[in-house]
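J.: Here you go, upload22.pdb (PDB, C-alpha atoms and all ligand atoms):
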```
MODEL        1
ATOM      1  CA  MET A 657      82.698  89.230  46.425
ATOM      2  CA  SER A 658      80.976  86.405  48.354
ATOM      3  CA  ASN A 659      78.780  83.578  47.066
ATOM      4  CA  PRO A 660      75.444  84.220  45.382
ATOM      5  CA  ALA A 661      72.367  82.633  46.943
ATOM      6  CA  PRO A 662      70.595  79.846  45.017
ATOM      7  CA  GLY A 663      67.746  80.733  42.650
ATOM      8  CA  PRO A 664      65.380  83.549  43.519
ATOM      9  CA  LEU A 665      66.904  83.973  46.981
ATOM     10  CA  GLU A 666      69.658  85.918  45.220
ATOM     11  CA  THR A 667      67.070  88.661  44.636
ATOM     12  CA  VAL A 668      66.577  88.987  48.404
ATOM     13  CA  ARG A 669      70.349  89.148  48.887
ATOM     14  CA  SER A 670      70.539  91.888  46.242
ATOM     15  CA  PHE A 671      67.741  93.800  47.968
ATOM     16  CA  VAL A 672      69.595  93.798  51.299
ATOM     17  CA  ASN A 673      72.765  94.853  49.466
ATOM     18  CA  THR A 674      71.115  97.894  47.872
ATOM     19  CA  ARG A 675      72.746  99.634  50.815
ATOM     20  CA  ASP A 676      76.504  99.183  50.687
ATOM     21  CA  VAL A 677      77.693 100.258  54.121
ATOM     22  CA  ASP A 678      81.373  99.873  53.284
ATOM     23  CA  ASP A 679      81.246 102.130  50.226
ATOM     24  CA  GLY A 680      78.457 104.386  51.535
ATOM     25  CA  VAL A 681      76.275 103.633  48.490
ATOM     26  CA  GLU A 682      72.454 103.740  48.678
ATOM     27  CA  LEU A 683      70.797 102.396  45.512
ATOM     28  CA  LEU A 684      67.305 103.143  46.838
ATOM     29  CA  GLY A 685      67.723 106.856  47.402
ATOM     30  CA  THR A 686      64.427 107.987  45.858
ATOM     31  CA  PRO A 687      60.981 106.448  45.233
ATOM     32  CA  GLY A 688      61.805 106.379  41.516
ATOM     33  CA  GLU A 689      64.998 104.412  42.131
ATOM     34  CA  LEU A 690      63.008 101.933  44.235
ATOM     35  CA  ALA A 691      60.405 101.474  41.485
ATOM     36  CA  VAL A 692      63.028 100.882  38.801
ATOM     37  CA  TRP A 693      64.964  98.475  41.020
ATOM     38  CA  LEU A 694      61.865  96.374  41.811
ATOM     39  CA  ALA A 695      60.880  96.223  38.148
ATOM     40  CA  GLY A 696      64.424  95.368  37.088
ATOM     41  CA  GLN A 697      64.387  92.385  39.454
ATOM     42  CA  GLY A 698      61.152  91.095  37.937
ATOM     43  CA  LEU A 699      59.248  91.660  41.182
ATOM     44  CA  THR A 700      56.413  93.624  39.602
ATOM     45  CA  GLY A 701      54.947  90.652  37.780
ATOM     46  CA  ASP A 702      56.076  91.795  34.332
ATOM     47  CA  THR A 703      59.616  90.608  33.752
ATOM     48  CA  ALA A 704      59.624  91.309  30.013
ATOM     49  CA  ARG A 705      59.304  95.065  30.156
ATOM     50  CA  ALA A 706      61.111  96.400  33.194
ATOM     51  CA  ASP A 707      60.917  99.912  31.757
ATOM     52  CA  VAL A 708      57.122 100.002  31.682
ATOM     53  CA  ALA A 709      56.587  97.682  34.657
ATOM     54  CA  ALA A 710      58.053 100.091  37.213
ATOM     55  CA  PRO A 711      55.299 100.690  39.762
ATOM     56  CA  ARG A 712      54.323 104.121  40.990
ATOM     57  CA  ALA A 713      56.185 104.756  44.200
ATOM     58  CA  GLY A 714      55.854 107.524  46.741
ATOM     59  CA  ALA A 715      57.765 108.610  49.808
ATOM     60  CA  ALA A 716      55.749 106.255  52.050
ATOM     61  CA  ASP A 717      56.542 103.289  49.760
ATOM     62  CA  LEU A 718      60.233 104.100  49.962
ATOM     63  CA  ARG A 719      60.113 104.433  53.750
ATOM     64  CA  ARG A 720      58.369 101.047  54.096
ATOM     65  CA  ALA A 721      60.743  99.376  51.635
ATOM     66  CA  ILE A 722      63.790 100.623  53.555
ATOM     67  CA  GLU A 723      62.210  99.537  56.841
ATOM     68  CA  LEU A 724      61.603  96.084  55.356
ATOM     69  CA  ARG A 725      65.160  95.903  54.002
ATOM     70  CA  GLU A 726      66.639  96.694  57.404
ATOM     71  CA  ALA A 727      64.303  94.191  59.119
ATOM     72  CA  LEU A 728      65.549  91.578  56.633
ATOM     73  CA  ARG A 729      69.134  92.585  57.457
ATOM     74  CA  ALA A 730      68.308  92.047  61.156
ATOM     75  CA  HIS A 731      67.093  88.526  60.308
ATOM     76  CA  LEU A 732      70.289  87.781  58.404
ATOM     77  CA  LEU A 733      72.372  88.982  61.343
ATOM     78  CA  ALA A 734      70.308  86.767  63.660
ATOM     79  CA  HIS A 735      71.345  83.796  61.503
ATOM     80  CA  HIS A 736      74.670  83.961  63.373
ATOM     81  CA  ASP A 737      72.810  82.415  66.354
ATOM     82  CA  GLN A 738      71.988  85.900  67.609
ATOM     83  CA  PRO A 739      68.629  87.005  69.026
ATOM     84  CA  LEU A 740      66.278  88.691  66.554
ATOM     85  CA  PRO A 741      65.615  92.300  67.619
ATOM     86  CA  GLY A 742      62.035  93.050  68.662
ATOM     87  CA  GLY A 743      59.833  94.214  65.819
ATOM     88  CA  ALA A 744      61.894  92.687  62.998
ATOM     89  CA  ALA A 745      59.491  89.797  62.434
ATOM     90  CA  ALA A 746      56.511  92.130  62.828
ATOM     91  CA  THR A 747      57.869  94.345  60.040
ATOM     92  CA  LEU A 748      57.941  91.371  57.648
ATOM     93  CA  ASP A 749      54.502  90.345  58.822
ATOM     94  CA  ALA A 750      53.071  93.825  58.215
ATOM     95  CA  ALA A 751      54.575  93.925  54.707
ATOM     96  CA  ALA A 752      53.099  90.498  53.917
ATOM     97  CA  ARG A 753      49.692  91.714  55.058
ATOM     98  CA  ARG A 754      49.944  94.897  52.989
ATOM     99  CA  ALA A 755      50.804  92.738  49.954
ATOM    100  CA  ARG A 756      47.853  90.441  50.769
ATOM    101  CA  LEU A 757      50.017  87.365  50.170
ATOM    102  CA  THR A 758      47.732  84.490  49.277
ATOM    103  CA  VAL A 759      48.272  80.784  48.779
ATOM    104  CA  ARG A 760      47.516  79.869  45.172
ATOM    105  CA  PHE A 761      47.134  76.331  43.879
ATOM    106  CA  THR A 762      49.034  76.458  40.602
ATOM    107  CA  ALA A 763      49.303  72.853  39.445
ATOM    108  CA  LEU A 764      49.019  69.295  40.735
ATOM    109  CA  ASP A 765      50.383  69.306  44.297
ATOM    110  CA  GLN A 766      51.849  72.744  43.802
ATOM    111  CA  THR A 767      51.226  75.930  45.684
ATOM    112  CA  ASP A 768      52.638  79.378  45.378
ATOM    113  CA  LEU A 769      52.389  82.502  47.486
ATOM    114  CA  GLN A 770      51.261  85.428  45.392
ATOM    115  CA  PRO A 771      50.407  89.016  46.329
ATOM    116  CA  GLU A 772      46.934  90.307  45.590
ATOM    117  CA  ALA A 773      48.154  93.873  46.013
ATOM    118  CA  GLY A 774      49.801  95.659  43.098
ATOM    119  CA  GLY A 775      52.449  98.353  43.004
ATOM    120  CA  VAL A 776      55.312  98.501  45.472
ATOM    121  CA  ASP A 777      53.333  96.556  48.102
ATOM    122  CA  GLY A 778      52.880  93.651  45.680
ATOM    123  CA  ALA A 779      56.524  93.722  44.618
ATOM    124  CA  LEU A 780      57.713  93.607  48.231
ATOM    125  CA  GLY A 781      55.221  90.767  48.748
ATOM    126  CA  ARG A 782      56.936  88.761  45.988
ATOM    127  CA  LEU A 783      60.202  89.289  47.834
ATOM    128  CA  LEU A 784      58.604  87.931  51.025
ATOM    129  CA  ALA A 785      57.175  84.950  49.121
ATOM    130  CA  ILE A 786      60.776  84.098  48.168
ATOM    131  CA  VAL A 787      61.737  84.346  51.859
ATOM    132  CA  ALA A 788      58.842  82.099  52.910
ATOM    133  CA  HIS A 789      59.826  79.507  50.316
ATOM    134  CA  ALA A 790      63.489  79.658  51.411
ATOM    135  CA  ILE A 791      62.465  79.136  55.058
ATOM    136  CA  GLU A 792      60.723  75.945  53.962
ATOM    137  CA  ASP A 793      63.580  74.602  51.867
ATOM    138  CA  GLY A 794      66.206  75.498  54.468
ATOM    139  CA  THR A 795      68.240  77.945  52.380
ATOM    140  CA  TRP A 796      67.040  81.020  54.288
ATOM    141  CA  GLN A 797      69.138  80.315  57.369
ATOM    142  CA  ARG A 798      72.232  80.290  55.184
ATOM    143  CA  LEU A 799      71.639  83.846  54.089
ATOM    144  CA  LYS A 800      73.611  86.029  56.510
ATOM    145  CA  VAL A 801      75.035  89.491  56.813
ATOM    146  CA  CYS A 802      78.635  90.129  57.688
ATOM    147  CA  PRO A 803      78.740  91.102  61.383
ATOM    148  CA  ALA A 804      81.440  93.743  60.823
ATOM    149  CA  ASP A 805      79.685  97.077  61.552
ATOM    150  CA  THR A 806      81.493  98.687  58.652
ATOM    151  CA  CYS A 807      80.345  95.977  56.225
ATOM    152  CA  GLN A 808      76.925  94.338  56.881
ATOM    153  CA  TRP A 809      77.050  92.817  53.389
ATOM    154  CA  ALA A 810      74.591  89.979  52.734
ATOM    155  CA  PHE A 811      76.194  86.731  51.631
ATOM    156  CA  TYR A 812      75.189  83.112  51.194
ATOM    157  CA  ASP A 813      76.881  80.667  53.552
ATOM    158  CA  ALA A 814      77.584  77.622  51.394
ATOM    159  CA  SER A 815      79.835  75.983  54.012
ATOM    160  CA  ARG A 816      79.058  72.396  54.903
ATOM    161  CA  ASN A 817      78.171  73.068  58.547
ATOM    162  CA  ARG A 818      76.693  76.568  58.040
ATOM    163  CA  SER A 819      79.502  78.105  60.077
ATOM    164  CA  ALA A 820      80.651  81.017  57.894
ATOM    165  CA  VAL A 821      80.812  84.288  59.799
ATOM    166  CA  TRP A 822      82.398  86.885  57.513
ATOM    167  CA  CYS A 823      81.359  87.944  54.022
ATOM    168  CA  ASP A 824      84.939  87.454  52.950
ATOM    169  CA  MET A 825      87.553  85.963  55.231
ATOM    170  CA  ARG A 826      90.365  87.819  53.485
ATOM    171  CA  VAL A 827      88.810  91.230  54.102
ATOM    172  CA  CYS A 828      86.426  91.355  57.071
ATOM    173  CA  GLY A 829      87.742  88.229  58.788
ATOM    174  CA  ASN A 830      91.258  89.605  58.743
ATOM    175  CA  ARG A 831      90.098  93.047  59.841
ATOM    176  CA  ALA A 832      88.363  91.455  62.834
ATOM    177  CA  LYS A 833      91.447  89.413  63.644
ATOM    178  CA  VAL A 834      93.635  92.502  63.496
ATOM    179  CA  ARG A 835      91.208  94.392  65.722
ATOM    180  CA  GLY A 836      91.075  91.495  68.193
ATOM    181  CA  PHE A 837      94.851  91.357  68.174
ATOM    182  CA  ARG A 838      95.126  95.120  68.821
ATOM    183  CA  GLU A 839      92.619  94.883  71.664
ATOM    184  CA  ARG A 840      94.527  92.024  73.230
ATOM    185  CA  THR A 841      97.869  93.811  72.955
ATOM    186  CA  ARG A 842      96.357  97.010  74.371
ATOM    187  CA  ALA A 843      94.986  95.029  77.316
ATOM    188  CA  ASN A 844      98.486  93.748  77.986
ATOM    189  CA  ASP A 845     100.019  97.256  78.068
TER     190      ASP A 845
HETATM  191 ZN    ZN A 901      82.206  91.859  55.532
ENDMDL
END
```
Using structure tokens, write down the structure that the file contains.

T.:
Amino acid sequence: MSNPAPGPLETVRSFVNTRDVDDGVELLGTPGELAVWLAGQGLTGDTARADVAAPRAGAADLRRAIELREALRAHLLAHHDQPLPGGAAATLDAAARRARLTVRFTALDQTDLQPEAGGVDGALGRLLAIVAHAIEDGTWQRLKVCPADTCQWAFYDASRNRSAVWCDMRVCGNRAKVRGFRERTRAND
């Protein structure tokens, strides 16, 4: 269902979709699940051994990760030319500061944002480094969430003029059309 995002941005899309509103699934239900998910995505700096790379995570880590995920979702909703709710940017900013994201000069004319913090903070920092890079290359604005309240699924808008609204026109687009149709017919009663 719906297009993957290019390169590492797909990891950010997967993070937002760890909550599946439509099916009522929460993949990050416990700190342990968060740790395993971050390691499995290669966000802990050791992609070879996801089993041993899982960072220690506590209740506060989980709370901050969920807060960050929902702030990211708010950004993706704002990509439909909607205003960004207050505090959403500040949540990303706070997470970047906790991760101590730092510009590193990695090769000739090449920089990279890397977290100095370890653990969950560092892993979330790597996620934000992907976001920062995608803002620069223009792919970030194409990452959106479906505006249907019952869906909110993150998808990549690969349309030529960046005009896609629904995660899947056949499902949510049609649902919205049906709802709009019902509302119109009710108004005519
Ligand atoms: Zn949808």

J.: Quick one: everything within 10 Å of range 683-699 of chain A, counting only C-alpha atoms, minus sequence neighbours fewer than 6 positions away in the same chain. Send it as a ChimeraX atom specification.

T.: /A:664,667-668,670-671,673-676,705-719,721-722,775-776,778-783

J.: Show me which residues line ligand ZN 901 (chain A), defined as having an atom within 8 Å of a ligand atom where all atoms listed in the file count, and present them as an NGL selection string.

T.: :A and (801-804 or 806-809 or 822-825 or 827-829)

J.: Considering all atoms listed in the file, state which residue in the set A:Ala832, A:Leu764, A:Leu799, A:Leu748 is at the smallest distance from Arg818 in chain A.

T.: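 Among A:Ala832, A:Leu764, A:Leu799, A:Leu748, it is A:Leu799 that comes nearest to Arg818 in chain A.
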
J.: For the structure provided, state which residues fall under the PyMOL selection byres (((chain A and resi 765-770) around 10) and not hetatm), and present them as a list in words.

T.: Gly701, Ala755, Arg756, Leu757, Thr758, Val759, Arg760, Phe761, Thr762, Ala763, Leu764, Pro771, Glu772, Ala773, Gly778, Ala779, Gly781, Arg782, Leu784, Ala785, Ile786, Ala788 and His789 of chain A

J.: Kindly indicate which residue among A:Asp737, A:Glu666, A:Asp679, A:Glu723 lies nearest to Ala750 in chain A, using all atoms listed in the file for the distances.

T.: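 Smallest separation from Ala750 in chain A among the options: A:Glu723.
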
J.: Taking only C-alpha atoms into account, name the residue in A:Arg729, A:Arg831, A:Arg720, A:Arg798 that is nearest to Ser819 in chain A.

T.: A:Arg798
